[in-house]
>>> print(open('final-v5.cif').read())   # mmCIF, C-alpha atoms
data_structure
#
loop_
_atom_site.label_atom_id
_atom_site.label_comp_id
_atom_site.auth_asym_id
_atom_site.auth_seq_id
_atom_site.Cartn_x
_atom_site.Cartn_y
_atom_site.Cartn_z
CA MET Z 174 153.45 143.83 80.32
CA LYS Z 175 156.72 141.98 79.69
CA LYS Z 176 157.97 142.94 83.16
CA HIS Z 177 154.67 141.68 84.63
CA TYR Z 178 155.21 138.22 83.10
CA GLN Z 179 158.80 138.17 84.32
CA HIS Z 180 157.63 138.81 87.89
CA LEU Z 181 154.92 136.18 87.54
CA PHE Z 182 157.42 133.61 86.29
CA ALA Z 183 159.78 134.39 89.17
CA ALA Z 184 156.96 134.01 91.68
CA LEU Z 185 155.97 130.63 90.21
CA CYS Z 186 159.57 129.43 90.41
CA LEU Z 187 159.72 130.38 94.08
CA LEU Z 188 156.52 128.46 94.76
CA VAL Z 189 157.75 125.37 92.91
CA PHE Z 190 161.13 125.23 94.60
CA ALA Z 191 159.74 126.15 98.01
CA GLY Z 192 157.31 123.25 97.78
CA ALA Z 193 159.82 120.75 96.41
CA ALA Z 194 160.48 117.77 98.68
CA PRO Z 195 163.99 117.61 100.12
CA ALA Z 196 166.35 114.88 98.93
CA SER Z 197 165.71 111.61 100.74
CA GLU Z 198 167.81 111.09 103.84
CA PRO Z 199 170.41 108.35 103.41
CA LEU Z 200 170.37 105.44 105.87
CA PRO Z 201 166.96 106.16 107.45
CA SER Z 202 167.16 103.21 109.87
CA TRP Z 203 170.35 104.62 111.37
CA ASN Z 204 170.07 107.08 114.23
CA ASP Z 205 172.07 110.28 113.92
CA GLY Z 206 175.39 109.73 115.63
CA ALA Z 207 179.03 108.78 115.18
CA SER Z 208 178.40 105.55 113.25
CA LYS Z 209 176.08 107.08 110.66
CA SER Z 210 178.30 110.13 110.32
CA ALA Z 211 181.38 107.95 109.79
CA ILE Z 212 179.70 106.17 106.88
CA ILE Z 213 178.41 109.29 105.15
CA ASP Z 214 181.65 111.21 105.70
CA PHE Z 215 183.73 108.33 104.31
CA VAL Z 216 181.56 107.97 101.20
CA MET Z 217 181.67 111.73 100.55
CA ARG Z 218 185.46 111.80 100.82
CA VAL Z 219 186.16 108.85 98.54
CA THR Z 220 183.61 109.82 95.86
CA ASP Z 221 184.49 113.53 95.58
CA VAL Z 222 186.82 113.94 92.59
CA ASP Z 223 188.29 117.06 94.20
CA SER Z 224 189.08 115.24 97.44
CA PRO Z 225 192.68 114.13 98.12
CA GLU Z 226 191.13 110.84 99.30
CA PHE Z 227 189.17 110.22 96.09
CA VAL Z 228 188.95 106.52 95.17
CA PRO Z 229 188.32 105.50 91.54
CA VAL Z 230 185.16 103.44 91.01
CA ALA Z 231 187.14 100.31 90.12
CA GLU Z 232 188.78 100.39 93.54
CA ARG Z 233 185.63 100.96 95.59
CA ILE Z 234 185.45 97.50 97.12
CA ALA Z 235 183.46 96.81 100.28
CA THR Z 236 183.41 93.41 102.01
CA PHE Z 237 180.80 92.18 104.47
CA ASP Z 238 180.71 89.23 106.81
CA ASN Z 239 177.29 87.52 106.78
CA ASP Z 240 176.43 85.82 110.09
CA GLY Z 241 175.80 88.48 112.74
CA THR Z 242 176.71 91.28 110.32
CA LEU Z 243 173.97 91.01 107.71
CA TRP Z 244 171.56 88.54 109.33
CA VAL Z 245 170.82 86.98 112.70
CA GLU Z 246 173.26 84.36 114.02
CA HIS Z 247 171.79 83.50 117.43
CA PRO Z 248 170.91 81.24 119.14
CA ILE Z 249 173.03 79.25 116.65
CA TYR Z 250 174.29 79.87 113.12
CA THR Z 251 171.60 79.43 110.47
CA GLN Z 252 173.72 76.97 108.51
CA LEU Z 253 174.32 74.88 111.64
CA THR Z 254 170.54 74.68 112.13
CA PHE Z 255 170.26 73.50 108.53
CA ALA Z 256 173.01 70.89 109.04
CA MET Z 257 171.40 69.57 112.22
CA GLU Z 258 168.02 69.19 110.54
CA ARG Z 259 169.68 67.42 107.62
CA VAL Z 260 171.40 65.00 110.04
CA LYS Z 261 168.05 64.19 111.64
CA ALA Z 262 166.49 63.62 108.22
CA LEU Z 263 169.34 61.32 107.15
CA ALA Z 264 169.59 59.47 110.50
CA PRO Z 265 167.45 56.46 109.46
CA GLN Z 266 170.11 55.64 106.87
CA HIS Z 267 172.87 55.84 109.52
CA PRO Z 268 171.98 53.81 112.64
CA GLU Z 269 175.58 54.19 113.84
CA TRP Z 270 174.93 57.90 114.48
CA LYS Z 271 172.87 57.02 117.56
CA THR Z 272 176.08 56.23 119.44
CA THR Z 273 178.61 58.38 117.56
CA GLN Z 274 179.40 61.99 118.45
CA PRO Z 275 178.63 64.65 117.36
CA PHE Z 276 175.67 62.99 115.62
CA GLN Z 277 174.37 61.57 118.87
CA ALA Z 278 174.32 65.07 120.36
CA VAL Z 279 172.23 66.32 117.43
CA LEU Z 280 169.76 63.44 117.62
CA GLU Z 281 169.37 63.87 121.39
CA ASN Z 282 169.31 67.69 121.23
CA ASP Z 283 172.25 67.73 123.63
CA GLN Z 284 173.59 71.28 123.22
CA LYS Z 285 176.34 70.78 125.82
CA ALA Z 286 177.78 67.74 124.03
CA LEU Z 287 177.46 69.52 120.69
CA ALA Z 288 179.43 72.51 122.00
CA ALA Z 289 182.06 70.14 123.40
CA ALA Z 290 182.53 68.66 119.92
CA GLY Z 291 184.10 71.94 118.88
CA GLU Z 292 185.04 72.97 115.35
CA LYS Z 293 186.05 69.42 114.40
CA GLY Z 294 182.63 68.11 115.34
CA LEU Z 295 180.83 70.85 113.46
CA LEU Z 296 182.87 70.07 110.35
CA GLU Z 297 181.85 66.43 110.65
CA LEU Z 298 178.20 67.47 110.68
CA VAL Z 299 178.70 69.65 107.61
CA MET Z 300 180.53 66.90 105.73
CA ALA Z 301 177.83 64.37 106.49
CA SER Z 302 174.92 66.64 105.65
CA HIS Z 303 176.29 68.71 102.76
CA ALA Z 304 178.22 66.19 100.64
CA GLY Z 305 177.37 63.17 98.48
CA MET Z 306 175.19 65.07 96.03
CA SER Z 307 175.51 67.35 93.03
CA THR Z 308 175.79 71.11 93.37
CA ALA Z 309 172.39 71.45 91.68
CA ASP Z 310 170.74 69.08 94.15
CA PHE Z 311 172.33 70.88 97.08
CA GLU Z 312 171.09 74.25 95.82
CA THR Z 313 167.56 72.86 95.58
CA ILE Z 314 167.71 71.46 99.13
CA VAL Z 315 169.00 74.77 100.53
CA THR Z 316 166.42 76.83 98.61
CA ASP Z 317 163.55 74.62 99.79
CA TRP Z 318 164.78 74.72 103.39
CA LEU Z 319 165.13 78.50 103.45
CA ALA Z 320 161.60 78.80 102.07
CA THR Z 321 160.09 76.78 104.94
CA ALA Z 322 162.43 77.11 107.96
CA ARG Z 323 161.52 79.54 110.71
CA HIS Z 324 163.65 81.10 113.43
CA PRO Z 325 162.82 79.59 116.85
CA ARG Z 326 162.30 82.97 118.54
CA PHE Z 327 161.05 85.32 115.85
CA LYS Z 328 158.99 82.75 113.89
CA ARG Z 329 160.02 84.35 110.61
CA PRO Z 330 162.00 82.98 107.66
CA TYR Z 331 165.73 83.44 108.16
CA THR Z 332 165.86 85.47 104.96
CA GLU Z 333 163.59 88.04 106.61
CA LEU Z 334 165.83 88.29 109.66
CA VAL Z 335 168.34 90.46 107.87
CA TYR Z 336 169.31 93.81 109.32
CA GLN Z 337 167.43 96.69 107.72
CA PRO Z 338 170.21 99.22 108.46
CA MET Z 339 172.74 96.98 106.70
CA LEU Z 340 170.46 96.56 103.68
CA GLU Z 341 170.35 100.35 103.47
CA LEU Z 342 174.13 100.52 103.82
CA LEU Z 343 174.63 98.03 100.98
CA ALA Z 344 172.30 100.03 98.74
CA TYR Z 345 173.91 103.34 99.73
CA LEU Z 346 177.39 102.07 98.89
CA ARG Z 347 176.31 100.64 95.55
CA ALA Z 348 174.55 103.91 94.68
CA ASN Z 349 177.94 105.55 95.18
CA GLY Z 350 179.88 103.25 92.88
CA PHE Z 351 180.94 100.54 95.33
CA LYS Z 352 181.01 96.86 94.53
CA THR Z 353 179.80 94.89 97.56
CA TYR Z 354 181.04 91.41 98.43
CA ILE Z 355 180.18 88.88 101.10
CA THR Z 356 183.16 87.16 102.70
CA SER Z 357 181.89 84.76 105.32
CA GLY Z 358 182.91 81.68 107.25
CA GLY Z 359 179.60 80.19 106.15
CA GLY Z 360 179.36 77.81 103.23
CA ILE Z 361 179.62 79.54 99.87
CA GLU Z 362 176.98 77.30 98.29
CA PHE Z 363 174.69 77.67 101.28
CA MET Z 364 174.68 81.45 100.85
CA ARG Z 365 174.64 81.83 97.08
CA PRO Z 366 171.04 80.66 96.50
CA MET Z 367 169.71 83.61 98.51
CA THR Z 368 172.22 86.50 98.46
CA GLU Z 369 171.10 88.19 95.25
CA LYS Z 370 167.42 88.24 96.19
CA VAL Z 371 168.01 89.21 99.83
CA TYR Z 372 171.07 91.50 99.65
CA GLY Z 373 171.38 92.42 95.99
CA ILE Z 374 174.75 90.64 95.93
CA PRO Z 375 175.12 88.23 92.98
CA PRO Z 376 176.63 84.77 93.54
CA GLU Z 377 179.93 85.67 91.89
CA GLN Z 378 180.46 88.27 94.63
CA VAL Z 379 180.08 85.77 97.46
CA ILE Z 380 183.17 84.30 99.13
CA GLY Z 381 182.77 81.58 101.74
CA SER Z 382 184.01 78.27 103.05
CA SER Z 383 183.76 75.36 100.65
CA ILE Z 384 184.14 71.62 100.30
CA LYS Z 385 185.86 69.90 97.41
CA MET Z 386 184.00 68.99 94.25
CA LYS Z 387 184.53 66.51 91.45
CA PHE Z 388 183.43 66.69 87.81
CA GLU Z 389 181.52 63.55 86.79
CA ILE Z 390 179.24 62.33 84.03
CA VAL Z 391 175.95 61.07 85.48
CA ASP Z 392 173.27 59.69 83.16
CA GLY Z 393 175.14 61.18 80.24
CA LYS Z 394 175.23 64.69 81.74
CA PRO Z 395 178.11 66.56 83.38
CA VAL Z 396 177.65 67.34 87.08
CA LEU Z 397 179.76 68.64 89.94
CA MET Z 398 179.61 66.24 92.88
CA ARG Z 399 180.18 67.55 96.40
CA LEU Z 400 182.81 65.55 98.28
CA PRO Z 401 183.12 65.06 102.08
CA GLU Z 402 186.40 66.94 102.18
CA ILE Z 403 187.20 70.53 103.16
CA ASN Z 404 188.48 72.77 100.37
CA PHE Z 405 188.78 76.20 102.03
CA ILE Z 406 187.80 77.81 105.35
CA ASP Z 407 186.96 81.48 104.85
CA ASP Z 408 187.32 82.59 108.44
CA LYS Z 409 189.87 84.51 110.50
CA THR Z 410 193.19 84.45 108.60
CA GLY Z 411 191.40 82.79 105.68
CA LYS Z 412 189.36 85.91 104.93
CA PRO Z 413 192.22 88.07 103.58
CA VAL Z 414 193.39 85.04 101.59
CA GLY Z 415 189.93 84.58 100.08
CA ILE Z 416 189.62 88.28 99.32
CA ASN Z 417 192.93 88.28 97.49
CA GLN Z 418 192.16 85.09 95.57
CA PHE Z 419 188.62 85.94 94.52
CA ILE Z 420 188.63 89.75 94.28
CA GLY Z 421 192.26 90.63 93.59
CA ARG Z 422 191.89 94.06 95.20
CA ARG Z 423 192.20 95.15 98.80
CA PRO Z 424 188.86 96.49 100.14
CA VAL Z 425 188.59 100.12 101.18
CA ALA Z 426 185.73 99.27 103.56
CA SER Z 427 185.02 96.15 105.61
CA PHE Z 428 182.20 95.23 107.95
CA GLY Z 429 182.10 92.41 110.49
CA ASN Z 430 180.91 91.57 113.99
CA SER Z 431 183.26 89.06 115.59
CA ASP Z 432 186.78 87.81 116.18
CA GLY Z 433 186.45 85.84 112.95
CA ASP Z 434 186.44 89.15 111.06
CA ARG Z 435 189.45 90.66 112.79
CA GLN Z 436 191.99 89.81 110.08
CA MET Z 437 189.69 91.06 107.32
CA LEU Z 438 189.47 94.46 109.00
CA GLU Z 439 193.22 94.48 109.66
CA TRP Z 440 193.87 93.68 105.98
CA THR Z 441 191.57 96.48 104.88
CA ALA Z 442 193.09 98.98 107.33
CA ALA Z 443 196.61 98.21 106.11
CA GLY Z 444 195.93 99.77 102.72
CA SER Z 445 196.75 103.37 101.86
CA GLY Z 446 194.25 106.21 101.65
CA ALA Z 447 190.81 106.49 103.22
CA ARG Z 448 189.55 103.35 104.95
CA LEU Z 449 186.39 102.40 106.85
CA MET Z 450 186.29 99.45 109.26
CA MET Z 451 183.11 98.76 111.23
CA LEU Z 452 181.93 96.09 113.68
CA VAL Z 453 178.31 95.36 114.60
CA PHE Z 454 178.03 95.03 118.38
CA HIS Z 455 175.07 92.95 119.54
CA ASP Z 456 173.85 94.79 122.63
CA ASP Z 457 170.09 94.76 122.07
CA GLY Z 458 168.50 91.88 123.93
CA VAL Z 459 165.01 93.28 123.40
CA ARG Z 460 164.85 93.62 119.62
CA GLU Z 461 167.50 90.98 118.85
CA TYR Z 462 170.20 89.55 121.17
CA ALA Z 463 172.83 90.82 123.58
CA TYR Z 464 175.93 88.62 123.58
CA GLY Z 465 179.66 88.78 123.85
CA PRO Z 466 180.73 91.44 126.38
CA ALA Z 467 177.30 93.09 126.02
CA GLY Z 468 175.58 89.99 127.32
CA GLY Z 469 178.18 88.99 129.87
CA GLN Z 470 179.41 86.19 127.59
CA PRO Z 471 182.79 87.36 126.24
CA GLU Z 472 183.71 83.80 125.27
CA THR Z 473 180.48 82.81 123.51
CA LYS Z 474 181.25 80.49 120.59
CA ILE Z 475 178.55 82.03 118.39
CA GLY Z 476 179.73 85.40 117.12
CA THR Z 477 182.63 85.79 119.54
CA PHE Z 478 183.35 89.47 120.24
CA SER Z 479 186.23 89.29 122.70
CA PRO Z 480 187.47 92.13 124.92
CA SER Z 481 190.71 92.09 122.90
CA LEU Z 482 188.74 92.79 119.71
CA MET Z 483 187.01 95.72 121.38
CA LYS Z 484 190.38 97.03 122.53
CA GLU Z 485 191.87 96.72 119.04
CA ALA Z 486 188.86 98.49 117.54
CA GLN Z 487 189.19 101.39 119.96
CA GLU Z 488 192.95 101.70 119.48
CA SER Z 489 192.77 101.39 115.69
CA GLY Z 490 189.90 103.80 115.11
CA TRP Z 491 187.46 101.16 113.89
CA VAL Z 492 183.81 102.07 114.34
CA VAL Z 493 181.80 99.86 116.70
CA ILE Z 494 178.12 99.97 115.78
CA SER Z 495 175.78 99.69 118.76
CA MET Z 496 172.69 97.83 117.60
CA LYS Z 497 170.79 99.29 120.54
CA ASP Z 498 171.82 102.93 120.10
CA ASP Z 499 172.67 103.30 116.40
CA TRP Z 500 169.73 101.50 114.81
CA ASN Z 501 166.14 102.69 115.10
CA GLN Z 502 164.98 99.52 113.35
CA VAL Z 503 166.59 96.08 113.34
CA PHE Z 504 164.63 93.87 110.91
CA PRO Z 505 162.55 94.82 107.86
CA PRO Z 506 158.83 95.17 108.68
CA GLU Z 507 156.74 92.04 108.27
CA ASP Z 508 154.52 91.87 105.22
#
>>> encode(input="final-v5.cif", output="structure tokens")
Amino acid sequence: MKKHYQHLFAALCLLVFAGAAPASEPLPSWNDGASKSAIIDFVMRVTDVDSPEFVPVAERIATFDNDGTLWVEHPIYTQLTFAMERVKALAPQHPEWKTTQPFQAVLENDQKALAAAGEKGLLELVMASHAGMSTADFETIVTDWLATARHPRFKRPYTELVYQPMLELLAYLRANGFKTYITSGGGIEFMRPMTEKVYGIPPEQVIGSSIKMKFEIVDGKPVLMRLPEINFIDDKTGKPVGINQFIGRRPVASFGNSDGDRQMLEWTAAGSGARLMMLVFHDDGVREYAYGPAGGQPETKIGTFSPSLMKEAQESGWVVISMKDDWNQVFPPED
């Protein structure tokens, strides 16, 4: 009788384990291929205590660009859209803008003149539209705008036009002991109101460009006033500087999509031990956009991905992610 129960127990165990669901597949929005394999292989190597490439949890730092890496950046940067709409809203208070560039270009929707204004002109727009208020007031304005603004092509909130595969990557890394940071050329206080809700990245782990601020007492209360003066540009060579200043550790993994991220990936690659450097290549004009070399626009000013960057990636062993081939889904499904 005892032997009978032993056999019965063994049979039940076989049934239970045979019917058990397999462990969920990591990165489901990534197609099987070199990019997905590179991520999983890297994470396995640096988290295995018996691996010669094991990385302690405290050193598992991953940095991500935002525009074009985590969310859509075409036809123009989201923050530039915000700045232009702010300029139009403030225009009645500034009649001189009607004949002063780059404000005139914004008011007349003259994209050619706006492009000709270059980086200096864009900074003027940011200064005029982002300064002269407290940090609390600016956060409210940004939050309200993000809640109502819609992308001109996809007709969805910008916070929904984030890349599903990258959301999965962020979650996968954090599940394996990584601390994830944003390091973007975008404004730090433009991003912070939404990054925790959208990406799971708290405001203290966001690095970005900033303008100067001044402590003041207004109506008996302390406030930080935003000044029309640049403090720090977190782009190109500024990214490694920002990483060092705000994190104090060199990343072991970095993710970008343009020439503005080149130095961040170079800085990451220069460290010892296992490293992962990846670039999102926008080559899907159907589900998103095809630009840079993929769209026959190697010198586009929005998310520039130059031939020299592609060459460096290939020579340095960086992984170039094809949006068209590596992702089976681009954006999260609509509610």
>>> closest_residue(input="final-v5.cif", among="Z:Arg233, Z:Tyr331, Z:Met483, Z:Asp205", to="Ala348 in chain Z", atoms="only C-alpha atoms")
Z:Arg233
>>> residues_around(input="final-v5.cif", residues="Arg329 in chain Z", least_positions_apart="5", cutoff="12 Å", atoms="only C-alpha atoms", output="list in words")
Val245, Leu319, Ala320, Thr321, Ala322, Arg323, His324, Leu334, Val335, Phe504, Pro505, Pro506, Glu507 and Asp508 of chain Z
>>> atom_distance(input="final-v5.cif", atom1="CA of Phe363 in chain Z", atom2="CA of Tyr464 in chain Z")
24.9 Å
>>> residues_around(input="final-v5.cif", residues="Ile406 in chain Z", least_positions_apart="4", cutoff="7 Å", atoms="all atoms listed in the file", output="PyMOL selection string")
chain Z and resi 358+382-383+411
>>> resolve_selection(input="final-v5.cif", expression="the PyMOL selection byres ((chain Z and resi 311) around 12)", output="PyMOL selection string")
chain Z and resi 255-256+259+302-310+312-318+360-366+396-400
>>> residues_around(input="final-v5.cif", residues="Glu377 in chain Z", least_positions_apart="5", cutoff="10 Å", atoms="all atoms listed in the file", output="VMD selection string")
chain Z and resid 354 to 355 365 369 419 to 420
>>> atom_distance(input="final-v5.cif", atom1="CA of Glu281 in chain Z", atom2="CA of Leu298 in chain Z")
14.3 Å
>>> closest_residue(input="final-v5.cif", among="Z:Pro268, Z:Gly241, Z:Pro424, Z:Gly373", to="Tyr462 in chain Z", atoms="only C-alpha atoms")
Z:Gly241
>>> atom_distance(input="final-v5.cif", atom1="CA of Ala286 in chain Z", atom2="CA of Tyr250 in chain Z")
16.7 Å
>>> build_atoms(input="final-v5.cif", residues="range 225-246 of chain Z", atoms="N, CA, C and O atoms", output="compact mmCIF listing (two decimals), in the coordinates of the input")
# COMPACT_ATOMS: atom_id res chain seq x y z
N PRO Z 225 191.39 114.84 98.17
CA PRO Z 225 192.68 114.13 98.12
C PRO Z 225 192.54 112.64 98.44
O PRO Z 225 193.44 111.87 98.16
N GLU Z 226 191.37 112.24 98.96
CA GLU Z 226 191.13 110.84 99.30
C GLU Z 226 190.20 110.16 98.29
O GLU Z 226 189.68 109.08 98.56
N PHE Z 227 190.02 110.79 97.13
CA PHE Z 227 189.17 110.22 96.09
C PHE Z 227 189.63 108.81 95.71
O PHE Z 227 190.82 108.56 95.56
N VAL Z 228 188.66 107.90 95.56
CA VAL Z 228 188.95 106.52 95.17
C VAL Z 228 188.24 106.24 93.85
O VAL Z 228 187.01 106.40 93.75
N PRO Z 229 188.96 105.84 92.81
CA PRO Z 229 188.32 105.50 91.54
C PRO Z 229 187.27 104.40 91.72
O PRO Z 229 187.40 103.54 92.61
N VAL Z 230 186.26 104.40 90.89
CA VAL Z 230 185.16 103.44 91.01
C VAL Z 230 185.67 102.00 91.03
O VAL Z 230 185.20 101.17 91.82
N ALA Z 231 186.63 101.69 90.19
CA ALA Z 231 187.14 100.31 90.12
C ALA Z 231 187.73 99.82 91.44
O ALA Z 231 187.80 98.61 91.69
N GLU Z 232 188.15 100.77 92.27
CA GLU Z 232 188.78 100.39 93.54
C GLU Z 232 187.84 100.49 94.74
O GLU Z 232 188.24 100.23 95.87
N ARG Z 233 186.60 100.84 94.48
CA ARG Z 233 185.63 100.96 95.59
C ARG Z 233 185.06 99.59 95.93
O ARG Z 233 183.98 99.18 95.48
N ILE Z 234 185.82 98.85 96.72
CA ILE Z 234 185.45 97.50 97.12
C ILE Z 234 185.08 97.50 98.59
O ILE Z 234 185.82 98.00 99.44
N ALA Z 235 183.91 96.94 98.90
CA ALA Z 235 183.46 96.81 100.28
C ALA Z 235 183.12 95.35 100.57
O ALA Z 235 182.40 94.72 99.79
N THR Z 236 183.65 94.81 101.66
CA THR Z 236 183.41 93.41 102.01
C THR Z 236 182.61 93.32 103.31
O THR Z 236 182.84 94.08 104.25
N PHE Z 237 181.70 92.37 103.33
CA PHE Z 237 180.80 92.18 104.47
C PHE Z 237 180.82 90.72 104.94
O PHE Z 237 180.65 89.80 104.13
N ASP Z 238 181.01 90.52 106.22
CA ASP Z 238 180.71 89.23 106.81
C ASP Z 238 179.19 89.03 106.70
O ASP Z 238 178.44 89.99 106.50
N ASN Z 239 178.73 87.78 106.87
CA ASN Z 239 177.29 87.52 106.78
C ASN Z 239 176.66 87.28 108.15
O ASN Z 239 175.87 88.08 108.63
N ASP Z 240 177.04 86.18 108.81
CA ASP Z 240 176.43 85.82 110.09
C ASP Z 240 176.71 86.88 111.16
O ASP Z 240 177.86 87.16 111.49
N GLY Z 241 175.64 87.48 111.69
CA GLY Z 241 175.80 88.48 112.74
C GLY Z 241 176.13 89.87 112.22
O GLY Z 241 176.09 90.83 112.99
N THR Z 242 176.43 89.98 110.93
CA THR Z 242 176.71 91.28 110.32
C THR Z 242 175.57 91.68 109.38
O THR Z 242 175.15 92.84 109.38
N LEU Z 243 175.08 90.74 108.62
CA LEU Z 243 173.97 91.01 107.71
C LEU Z 243 172.67 90.35 108.14
O LEU Z 243 171.59 90.83 107.82
N TRP Z 244 172.78 89.19 108.83
CA TRP Z 244 171.56 88.54 109.33
C TRP Z 244 171.83 87.90 110.68
O TRP Z 244 172.96 87.79 111.12
N VAL Z 245 170.75 87.48 111.33
CA VAL Z 245 170.82 86.98 112.70
C VAL Z 245 171.65 85.70 112.77
O VAL Z 245 171.61 84.86 111.85
N GLU Z 246 172.42 85.55 113.85
CA GLU Z 246 173.26 84.36 114.02
C GLU Z 246 172.99 83.63 115.34
O GLU Z 246 173.60 82.60 115.61
